[in-house]
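Notes for the one structure printed next.
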Amino acid sequence: MSDPESPPADRFPVGAASTVAELEHDPHPLLARLRAHEPVSWLPALGGWLVTSRDLALRVMRDAAAFTVDDPRFSTARLLGPSMLSLDGRAHARHREPFARPFRPAQTRERFTAFVEAEVDRLVTALVPAGRAELRGELAGPLAVAVVAEALGLEGVDAATIRSWYGEFVDAVSDITAGRAPSGGADEAYARLRASVEEAVAAPGSASLLAEAARQEEGLTAAEVVADAAVLMFGGIDTTEGMICNALLHLLGDPEQLDLVRRDPAGLLPGAIEESLRLEPAASVVDRYATADTPLGGVRVRKGDLVRVSIAGAGRDPAVFPDPDRFDVRRANAAEHLAFAHGPHFCFGAHLARLETRTLLEAVLARLPGLRPAPGPAPQAHGLVFRKPPYLHVRWEPSARPRDL
């Protein structure tokens, strides 16, 4: 073995043969082999362990004492400094609570339903006459950006600027995860975000989420609010955009399942969204670091080791989800996926992401009659950390009379 600290390759042959390219492009066959033969495997390509079974994924994410995010190697910490995503225990609660409070289910519905419905109506209305669109760039992305801008209260910052910031952050996180050096674009984007956040926090009488968080009893500094705002961009923009695109990709790629949803939207659309999250979570992995030598799934993880949890692998665990590669909008336990993580770092924006996704899907299926993929190669989800199709070209009948979903 090339690294004296790494386990022998012959003990983890599937992991030893794994490549970053495989994990970026089409990871599911590899994840299935790992889950069947090496559910906790050492991958030299990632410089750490990869956990692919659902029960072990749950164990790692629930046990913040044994498997922490609080490590200087953590990707977002390297970019942004300490934030709710890279802290545990009391420090984590101090960062998380001021932001999590407004995103509880009742507050989310009250604060965002009207805005999301209006934004979806505006975006879809602009598309209806065309008969064709690229739904990632023209619907999913703009909706996610608009909602985050509304939530954070970044007044005077246009959507294109916000999108460019989070795009730099996403690229940098993916580079770090793959073992590559991030480009300098993320530093510039972070400096511009910091200036906008500091302005929002300092504005007299501001009711923005950022200003409210800075005024809470936890006493977050302006720099800490900036780091947490950047984290919210990951969850609020990239993964929500991916969640919407992946759901559309699954539905449009399976006419039989789409027809079931059209026949019973109230009953089956929520399940279709959960099933899509199970099959292709927008954030496919989360990282932890072992705080001590710890047994896990028949191997001994050493103190300081990277332990990467495959959310994508856990979602297709046949021990929990029979026939796991099939898209089934009637799957009874689809919501047992881990797409929003688990434990202390469960995504508190899950309710808002579901609201956005369901509102948009209802609108496009009702108002774009005959919606179908455009001719050409079928897009596929792509990405090592954040997975979604690069584009989603579709067509519909612009002159047809809109019918019920």
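Following the order of the structure tokens, chains are lettered A, B, ..., residues in each are numbered from 1, and ligands are numbered from 1.
For A:Arg372, the list of residues within 7 Å, based on only C-alpha atoms and with local chain neighbours fewer than 4 positions off taken out, reads Leu252, Val394, Arg395 and Trp396 of chain A.
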If we count only C-alpha atoms, what is near stretch 121-125 of chain A at a cut-off of 9 Å, once residues fewer than 4 positions away on the same chain are taken out, given as a PDB file with C-alpha atoms, in the first residue's frame?
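Listed below is the output, around-v3.pdb:
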```pdb
ATOM      1  CA  VAL A 116     -43.443  30.371  -3.059  1.00  0.00           C
ATOM      2  CA  GLU A 117     -46.840  30.137  -4.774  1.00  0.00           C
ATOM      3  CA  PRO A 129     -46.512  30.197 -24.403  1.00  0.00           C
ATOM      4  CA  GLU A 138     -35.566  28.504 -16.042  1.00  0.00           C
ATOM      5  CA  LEU A 139     -37.582  27.145 -13.108  1.00  0.00           C
ATOM      6  CA  PRO A 142     -34.575  30.693 -10.101  1.00  0.00           C
ATOM      7  CA  LEU A 143     -37.167  29.514  -7.577  1.00  0.00           C
ATOM      8  CA  LEU A 360     -43.518  23.735  -8.553  1.00  0.00           C
ATOM      9  CA  ALA A 363     -47.817  23.876 -11.349  1.00  0.00           C
ATOM     10  CA  VAL A 364     -45.814  22.392 -14.216  1.00  0.00           C
ATOM     11  CA  ARG A 367     -50.158  24.114 -16.594  1.00  0.00           C
ATOM     12  CA  LEU A 368     -47.762  22.561 -19.133  1.00  0.00           C
TER      13      LEU A 368
END
```
**Message:** Show me, as a PyMOL selection string, the residues that have an atom within 7 Å of A:Val201 when counting only C-alpha atoms, minus same-chain residues fewer than 5 positions from it.
**Reply:** chain A and resi 210-211+214
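Considering only C-alpha atoms, the residue among A:Arg354, A:Arg263, A:Arg35, A:Arg288 positioned nearest to A:Lys303 is A:Arg288.
Proximity of A:Arg316, A:Lys388, A:His25, A:Arg111 to A:Leu209, computed with only C-alpha atoms, is greatest for A:Arg111.
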**Request:** Name all residues at most 7 Å from stretch 154-160 of chain A (count only C-alpha atoms; drop same-chain ones fewer than 3 positions away) and give them as JSON, numbers by chain.
**Result:** {"A": [145, 146, 149, 163, 164, 196, 197, 200]}
**Message:** I need the helix (DSSP H, G or I) residues of stretch 157-261 of chain A per DSSP on the backbone, written as an MDAnalysis selection string.
**Reply:** chainID A and resid 159:177 185:202 209:215 222:252 255:261
**Asked** Taking the backbone alone, and naming residues the way the document does, which bits of stretch 128-352 of chain A are strand (DSSP E) by DSSP, as a ChimeraX atom specification?
**Response** /A:132-134,285-290,294-296,299-301,306-310
For the selection you just gave me, I'd like the residues written to a file as a compact mmCIF listing (two decimals), in the first residue's frame, keeping N, CA and C atoms.
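After the write, part-v5.txt holds the following:
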```txt
# COMPACT_ATOMS: atom_id res chain seq x y z
N ARG A 132 -41.57 25.01 -24.83
CA ARG A 132 -40.30 24.33 -24.54
C ARG A 132 -39.53 25.14 -23.51
N ALA A 133 -38.67 24.47 -22.74
CA ALA A 133 -37.86 25.17 -21.73
C ALA A 133 -36.78 24.24 -21.23
N GLU A 134 -35.83 24.83 -20.54
CA GLU A 134 -34.83 24.05 -19.80
C GLU A 134 -35.14 24.29 -18.33
N VAL A 285 -23.54 12.74 -0.07
CA VAL A 285 -22.65 12.28 1.01
C VAL A 285 -22.56 13.34 2.09
N VAL A 286 -22.27 12.90 3.31
CA VAL A 286 -21.92 13.81 4.40
C VAL A 286 -20.66 13.27 5.07
N ASP A 287 -19.85 14.16 5.59
CA ASP A 287 -18.56 13.78 6.17
C ASP A 287 -18.58 13.87 7.69
N ARG A 288 -17.89 12.92 8.31
CA ARG A 288 -17.66 12.92 9.75
C ARG A 288 -16.20 12.49 9.98
N TYR A 289 -15.72 12.74 11.20
CA TYR A 289 -14.36 12.35 11.58
C TYR A 289 -14.42 11.62 12.91
N ALA A 290 -13.74 10.49 12.98
CA ALA A 290 -13.77 9.68 14.20
C ALA A 290 -13.01 10.38 15.32
N THR A 294 -12.82 3.35 16.92
CA THR A 294 -14.21 2.94 17.07
C THR A 294 -14.52 1.78 16.14
N PRO A 295 -15.14 0.70 16.66
CA PRO A 295 -15.59 -0.37 15.76
C PRO A 295 -16.83 0.08 15.00
N LEU A 296 -16.87 -0.25 13.72
CA LEU A 296 -18.01 0.15 12.88
C LEU A 296 -18.17 -0.88 11.76
N VAL A 299 -15.23 -3.29 11.08
CA VAL A 299 -13.88 -2.75 10.90
C VAL A 299 -13.58 -1.85 12.09
N ARG A 300 -12.31 -1.53 12.26
CA ARG A 300 -11.94 -0.60 13.32
C ARG A 300 -11.52 0.71 12.68
N VAL A 301 -12.33 1.72 12.91
CA VAL A 301 -12.03 3.07 12.42
C VAL A 301 -11.11 3.73 13.43
N LEU A 306 -11.35 10.00 8.36
CA LEU A 306 -12.53 10.49 7.66
C LEU A 306 -13.52 9.34 7.49
N VAL A 307 -14.77 9.58 7.90
CA VAL A 307 -15.84 8.60 7.70
C VAL A 307 -16.91 9.30 6.88
N ARG A 308 -16.99 8.92 5.62
CA ARG A 308 -17.94 9.55 4.70
C ARG A 308 -19.19 8.67 4.60
N VAL A 309 -20.34 9.26 4.89
CA VAL A 309 -21.60 8.54 4.83
C VAL A 309 -22.23 8.75 3.46
N SER A 310 -22.53 7.65 2.77
CA SER A 310 -23.19 7.74 1.47
C SER A 310 -24.70 7.77 1.68
```
**Prompt:** Leaving out A:Leu392 and any residue of its chain fewer than 3 positions from it, which residues lie within 8 Å of it when counting only C-alpha atoms, given as a PyMOL selection string?
**Reply:** chain A and resi 134-136+245+249+373+379+389
Could the residues in this selection be saved with all heavy atoms as a short mmCIF file (atom, residue, chain, number, x, y, z; two decimals), in the first residue's frame?
```cif
data_model
loop_
_atom_site.label_atom_id
_atom_site.label_comp_id
_atom_site.auth_asym_id
_atom_site.auth_seq_id
_atom_site.Cartn_x
_atom_site.Cartn_y
_atom_site.Cartn_z
N GLU A 134 -35.83 24.83 -20.54
CA GLU A 134 -34.83 24.05 -19.80
C GLU A 134 -35.14 24.29 -18.33
O GLU A 134 -34.87 25.35 -17.79
CB GLU A 134 -33.43 24.53 -20.19
CG GLU A 134 -32.32 23.59 -19.74
CD GLU A 134 -32.02 23.69 -18.25
OE1 GLU A 134 -31.40 24.70 -17.86
OE2 GLU A 134 -32.43 22.78 -17.47
N LEU A 135 -35.76 23.30 -17.69
CA LEU A 135 -36.40 23.52 -16.39
C LEU A 135 -35.43 23.75 -15.25
O LEU A 135 -35.80 24.40 -14.27
CB LEU A 135 -37.33 22.35 -16.06
CG LEU A 135 -38.54 22.18 -16.97
CD1 LEU A 135 -39.43 21.04 -16.47
CD2 LEU A 135 -39.34 23.47 -17.08
N ARG A 136 -34.22 23.26 -15.34
CA ARG A 136 -33.26 23.56 -14.26
C ARG A 136 -32.93 25.04 -14.25
O ARG A 136 -33.00 25.71 -13.22
CB ARG A 136 -31.99 22.72 -14.40
CG ARG A 136 -30.96 23.10 -13.36
CD ARG A 136 -29.67 22.31 -13.45
NE ARG A 136 -28.63 22.96 -12.64
CZ ARG A 136 -27.37 22.54 -12.53
NH1 ARG A 136 -26.99 21.44 -13.18
NH2 ARG A 136 -26.50 23.20 -11.80
N CYS A 245 -35.12 19.15 -9.60
CA CYS A 245 -34.70 18.59 -10.89
C CYS A 245 -34.72 17.07 -10.88
O CYS A 245 -35.15 16.44 -11.86
CB CYS A 245 -33.30 19.09 -11.24
SG CYS A 245 -33.23 20.83 -11.68
N LEU A 249 -36.89 14.68 -13.22
CA LEU A 249 -36.18 13.69 -14.03
C LEU A 249 -36.79 12.30 -13.85
O LEU A 249 -37.03 11.57 -14.82
CB LEU A 249 -34.70 13.67 -13.63
CG LEU A 249 -33.75 12.84 -14.48
CD1 LEU A 249 -33.65 13.42 -15.88
CD2 LEU A 249 -32.37 12.79 -13.82
N PRO A 373 -39.99 14.92 -21.95
CA PRO A 373 -38.60 15.26 -22.27
C PRO A 373 -38.46 15.67 -23.72
O PRO A 373 -39.13 15.13 -24.61
CB PRO A 373 -37.85 13.95 -21.99
CG PRO A 373 -38.75 13.16 -21.10
CD PRO A 373 -40.15 13.53 -21.49
N PRO A 379 -30.89 13.27 -19.98
CA PRO A 379 -29.92 13.75 -18.97
C PRO A 379 -29.85 12.80 -17.79
O PRO A 379 -30.80 12.07 -17.50
CB PRO A 379 -30.51 15.10 -18.56
CG PRO A 379 -31.98 14.96 -18.80
CD PRO A 379 -32.11 14.08 -20.01
N PRO A 389 -29.17 16.66 -12.61
CA PRO A 389 -28.85 16.70 -14.04
C PRO A 389 -28.32 18.07 -14.43
O PRO A 389 -28.74 19.09 -13.89
CB PRO A 389 -30.20 16.41 -14.71
CG PRO A 389 -31.22 16.83 -13.70
CD PRO A 389 -30.61 16.55 -12.36
#
```
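Proximity ranking of A:Gly298, A:Gly89, A:Pro255, A:Gly242 relative to A:Phe67 places A:Gly89 first, based on only C-alpha atoms.
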